[in-house]
Amino acid sequence: MKTRNGVTTGQAAIAVVVVILLSAVAYLAVMGSNAPGTTTATQTATQTATHTATQTSVQTVTATVTPTTTGVEGVTPQTIVVQRNAWSNDMDPRETSTIDVVQQMYETLTHVTPNGTVVPELATSWTHSANFSVWTYTLRQGVKFHDGTTFNSSAVVFSINAIVKYGGGDAPDVWDTFKSATASGPYSVIITDTQATDEPIVTAAGYAAFMFSPNIMKYSGAANDTKGLHSWFLALNDDGSGPYTINATGSSLTKQTIALEAYQNYWGGWQNGQVTNIIVETVSNTNTAVLEAEKGQLDVIGISGQYQYVPQLLQSGLQVTSGQSFAAIWLLFNNQHQYLNNTLVRRALLTAVNYNQVVNQAYFGYGAMFPGIINPGKPFYNSNAPSYPNAGNKTAALALLTQAGYPGGLNVTWTVTYSTGSPFLGTACQVLQTYWSPLKVTLNCVGEGFGSVTRQAGYFNQTTGTLFSPGPISYASTSSAQDMVLLNWVGATADPWLVPDELFAIQNSPYQNDILFNWSYWRNTTFTNLLNQARLDEANPTVAQAEFNTLNQMFYQAAPGWGLFAENQVWVLSPHLHGYVPDPYYGFDYIFYYQLTRS
Amino acid sequence: MGGLNIGAYVIRRALLMVVVLVGTITVTFFLSHLVPSNPALFFAGQNPTPDQIQKITAEYGLDKPVLDQYYIYLRQVFTGNLGISFSFQVPVLSLILQGLPNTLTLAALSTVFALGIGIPLGVEAARHGGRKVDSVLRVISVGFVGIPQFWLGIMLQLFFAVWWGILPLGSYGGTLTYFSYHSLRTVTGSYLVDTILAGDWGGFLAVAQSMILPVLTLTLAPLGTIIRHTRASMLASLNQDYVRTAKAYGIPDRQISYSLAFRNALSPVIVYAGLIFAGSIIGVIYVEDVFNLIPGIGYLVRYGTGTGISSSGISGNIDTPLILGVAIITAIIYAISNFVADMVQIYYDRRIIK
């Protein structure tokens, strides 16, 4: 039947559907000219005039990898699929924190084994001057970078200078005592520092200590070795000496996939069974990643503190590994606020906490309490350092409060901030609520973005409105500052000095009266000076150990904050993978896939 | 009446689109600048030094007054430059163009299914008003509207992928590495459309199969809404005098419903259809995450809001250019959808331009 306008009602209904479909298709058609392809490249050229961002990974053909061939003669290909919970195309070895991928392609001069022993990697041996400020490295021969360039002293000098000059990421922390690097022979390099430094630890750093080809400028076509080269790395290129190299056609920024393949000329050689191909896939939803692993689609996943999945993963026959990491949860008191500026009050609070409960409830038991200022496993860690009772002691806590002049409790309400990026910190805060309740302390647990936490902590320039810009220490005593903060923290290097320096020391000049990450606002000159001295003395272990022991004692007595527990890193591995050895010296125990074999 | 009025109406609506877009840019820009954040965290490692922060802040012009930044941004937008993403460090526009085709495909499919199934069911519910069919459809539609998508997606995965194993968990092509091993020429950027254009029927089936659960997740809520809207609109039409007259002339009920009453009932449904399509873009953001559908706009939003970055707890850092870019594109889609709906509405009912 026709309507008044001669249109059937059936046609009317269809028309609506068709209009929507056509608009979608029309848009897609328009996209066709803009999406992956030539037009996009043109846009990039104009848009990157100032930032030189890259677009080269946009492809007209969806990536394919060829897992049946590795390029390594006589070795059977073994491919694994690895989950990454967030995409990153930052493959710049000079500054990146994407070291879970980058450490597969690049190597360092030295390497730290899980027990803390420094062993040769690209350097075969090293010696030092009497004052530990001049180090001579003898380099490994027969190593070639992925571009075919020979690894030698020129490469080392170029790499270190490029890292320091670029100054990105954790390089300033890693190389903060660096003075110069010079070639003293084709396979010999002298590194000079401004002060005594445990250089083999520096050259083994997981971040910002990788070696790369000095011919990288030529191969990259970059106009300069700062931003131009950075753009080249962002386009998923590499030029290290490590066992894997990026498979350019298999990697895709669009699909958020990074494919790595075995570097056939790797100096360490290849054997049957070793993992030769790695496909890194972005799966940000942990539940989905768990299900994918159970179905055998993912060989390696990290479950980021969501350890409630462990029983079902084990039930599915997957391996769940737990290894020590150097990340820890730190509680920082605002030492400038009322009551919290009293040492006895702070000690009472720490005495009341059941740390077993914190680690069990917040982290499903995948962590360990530790005494003092140094994470377990790091150099100069002392398991006999003074500590608060693991199970907490309410009576002792109340006694301390009485001693402080607050018999029966404090009758106070405090705000604890934490980053929602680590949701388990909220659980930890709830446990604190429970154990401080008998002390008549009420806690408001406030989870925020890390930016908000930082702003409230005062690492913020009120005048310019710039975050992560030093703010005056006087801010700490205002009511705007939080009373306490919970931090999930890991240092860029394993140097035991670094974390306490960042969190509890008076900052170095010109920031001595400023707030950076020192959110306990503790102003103890003796502690700060001794900490800096201990760092200088690290090359002399006996002296340094005694100093760190004293620092542990001071930290316990003053209690400006406390490490609630050191986190374990948990990986879920396919039952077919073997050979993983946790090594806390490398980020969050990131896996070196070259170690792994597949059965 | 006639052409002049329609032309004026179209121009008015088009101008309104521009106002909406500028408003969206303005509100989103200033809101995003209220959130404490600093791109230095994206570039300067885990524990940035003040010097690094200062350098990067100046480099990105973030030391300029907010109004200056707004003016610069607005000028950039109107030249097609949405800036550089802090987290991806590539142009925002290219990221969006890579993700949008798949996202639009999901939204279009869910809208088509919601309308294609929802309108007839709504008409039937109205025709059988107060009877068993109507009651059942009302319960179903309320149920569909009430089911939260975040729960539905996981349940569908659990039943169809984990327990019964008849559909993939997610990922375009059904496995995480499908397109690592399967070559496909990119034409539109939508996997579904590109497999058709390439005549790659194996690829098409794999992609289509992997989209069943996501589309189902996206469709149910708007389907329930369409059923309810169509039913209500149809009931109003069926109570009109002309329907009674038609009945008096002995025209069959079904014919009256689908030919006479339906046409008049369609107008509000069309308006809602436009909103459903645009609204699906929002739902897709969640669905793409659960079903791991990459590339898509969902991932960009996730990263842009900082929820995709979790190492060391340094998250919640806003990628302002990315968020602004996605907001602008979403606003454009909303505006275009509504514009199209308005135009279709005019076609069916010219009284609205009076």
# chains A, B, ... in the order shown; residues from 1 in each chain; ligands from 1
>>> residues_around(residues="Leu324 of chain B", least_positions_apart="3", cutoff="8 Å", atoms="only C-alpha atoms", output="PyMOL selection string")
chain B and resi 25+28-29+82+320-321+327-328
>>> residues_around(residues="Asp147 of chain A", least_positions_apart="5", cutoff="8 Å", atoms="only C-alpha atoms", output="list in words")
Ser213, Tyr219 and Asp239 of chain A
>>> closest_residue(among="B:Phe86, B:Phe113, B:Tyr71, B:Phe291", to="Ile323 of chain B", atoms="only C-alpha atoms")
B:Phe86
>>> residues_around(residues="Pro438 of chain A", least_positions_apart="6", cutoff="10 Å", atoms="only C-alpha atoms", output="list in words")
Ala352, Lys394, Thr395, Ala397, Leu398, Gly408, Gly409 and Leu410 of chain A
>>> residues_around(residues="segment 554-560 of chain A", least_positions_apart="2", cutoff="7 Å", atoms="only C-alpha atoms", output="ChimeraX atom specification")
/A:332-333,335,343,346-347,372,386-387,520,522,550-552,562
>>> write_last_selection(atoms="N, CA and C atoms", output="mmCIF file, in the first residue's frame")
data_model
loop_
_atom_site.group_PDB
_atom_site.id
_atom_site.type_symbol
_atom_site.label_atom_id
_atom_site.label_comp_id
_atom_site.auth_asym_id
_atom_site.auth_seq_id
_atom_site.Cartn_x
_atom_site.Cartn_y
_atom_site.Cartn_z
ATOM 1 N N LEU A 332 53.949 7.334 53.468
ATOM 2 C CA LEU A 332 54.674 8.547 53.845
ATOM 3 C C LEU A 332 53.770 9.425 54.707
ATOM 4 N N PHE A 333 54.185 9.655 55.949
ATOM 5 C CA PHE A 333 53.445 10.565 56.813
ATOM 6 C C PHE A 333 53.796 12.002 56.444
ATOM 7 N N ASN A 335 55.089 14.834 57.829
ATOM 8 C CA ASN A 335 55.806 15.138 59.071
ATOM 9 C C ASN A 335 55.639 16.584 59.524
ATOM 10 N N THR A 343 57.299 12.197 66.624
ATOM 11 C CA THR A 343 57.909 10.900 66.307
ATOM 12 C C THR A 343 57.184 9.745 66.993
ATOM 13 N N ARG A 346 54.009 8.814 65.199
ATOM 14 C CA ARG A 346 54.275 8.075 63.946
ATOM 15 C C ARG A 346 54.670 6.630 64.259
ATOM 16 N N ARG A 347 55.486 6.478 65.273
ATOM 17 C CA ARG A 347 55.910 5.113 65.644
ATOM 18 C C ARG A 347 54.730 4.307 66.165
ATOM 19 N N GLY A 372 63.772 -1.324 57.351
ATOM 20 C CA GLY A 372 64.735 -0.322 56.886
ATOM 21 C C GLY A 372 64.348 0.370 55.604
ATOM 22 N N PRO A 386 66.215 -2.895 62.337
ATOM 23 C CA PRO A 386 65.054 -2.820 63.227
ATOM 24 C C PRO A 386 63.757 -2.644 62.443
ATOM 25 N N SER A 387 62.696 -3.244 62.986
ATOM 26 C CA SER A 387 61.434 -3.201 62.251
ATOM 27 C C SER A 387 60.257 -3.198 63.218
ATOM 28 N N SER A 520 57.099 13.065 52.420
ATOM 29 C CA SER A 520 56.978 12.958 53.881
ATOM 30 C C SER A 520 57.378 14.303 54.499
ATOM 31 N N TRP A 522 60.046 15.331 55.446
ATOM 32 C CA TRP A 522 60.935 15.133 56.598
ATOM 33 C C TRP A 522 62.176 15.981 56.367
ATOM 34 N N THR A 550 73.191 2.382 59.989
ATOM 35 C CA THR A 550 72.839 3.547 60.809
ATOM 36 C C THR A 550 71.597 4.246 60.253
ATOM 37 N N LEU A 551 71.568 4.344 58.943
ATOM 38 C CA LEU A 551 70.401 4.978 58.311
ATOM 39 C C LEU A 551 69.127 4.183 58.600
ATOM 40 N N ASN A 552 69.230 2.866 58.558
ATOM 41 C CA ASN A 552 68.069 2.031 58.888
ATOM 42 C C ASN A 552 67.585 2.324 60.297
ATOM 43 N N TRP A 562 57.175 4.467 56.060
ATOM 44 C CA TRP A 562 57.630 3.077 56.188
ATOM 45 C C TRP A 562 57.255 2.311 54.930
#
>>> closest_residue(among="B:Tyr299, B:Phe144, B:Trp201, B:Tyr249", to="chain A", atoms="only C-alpha atoms")
B:Tyr299
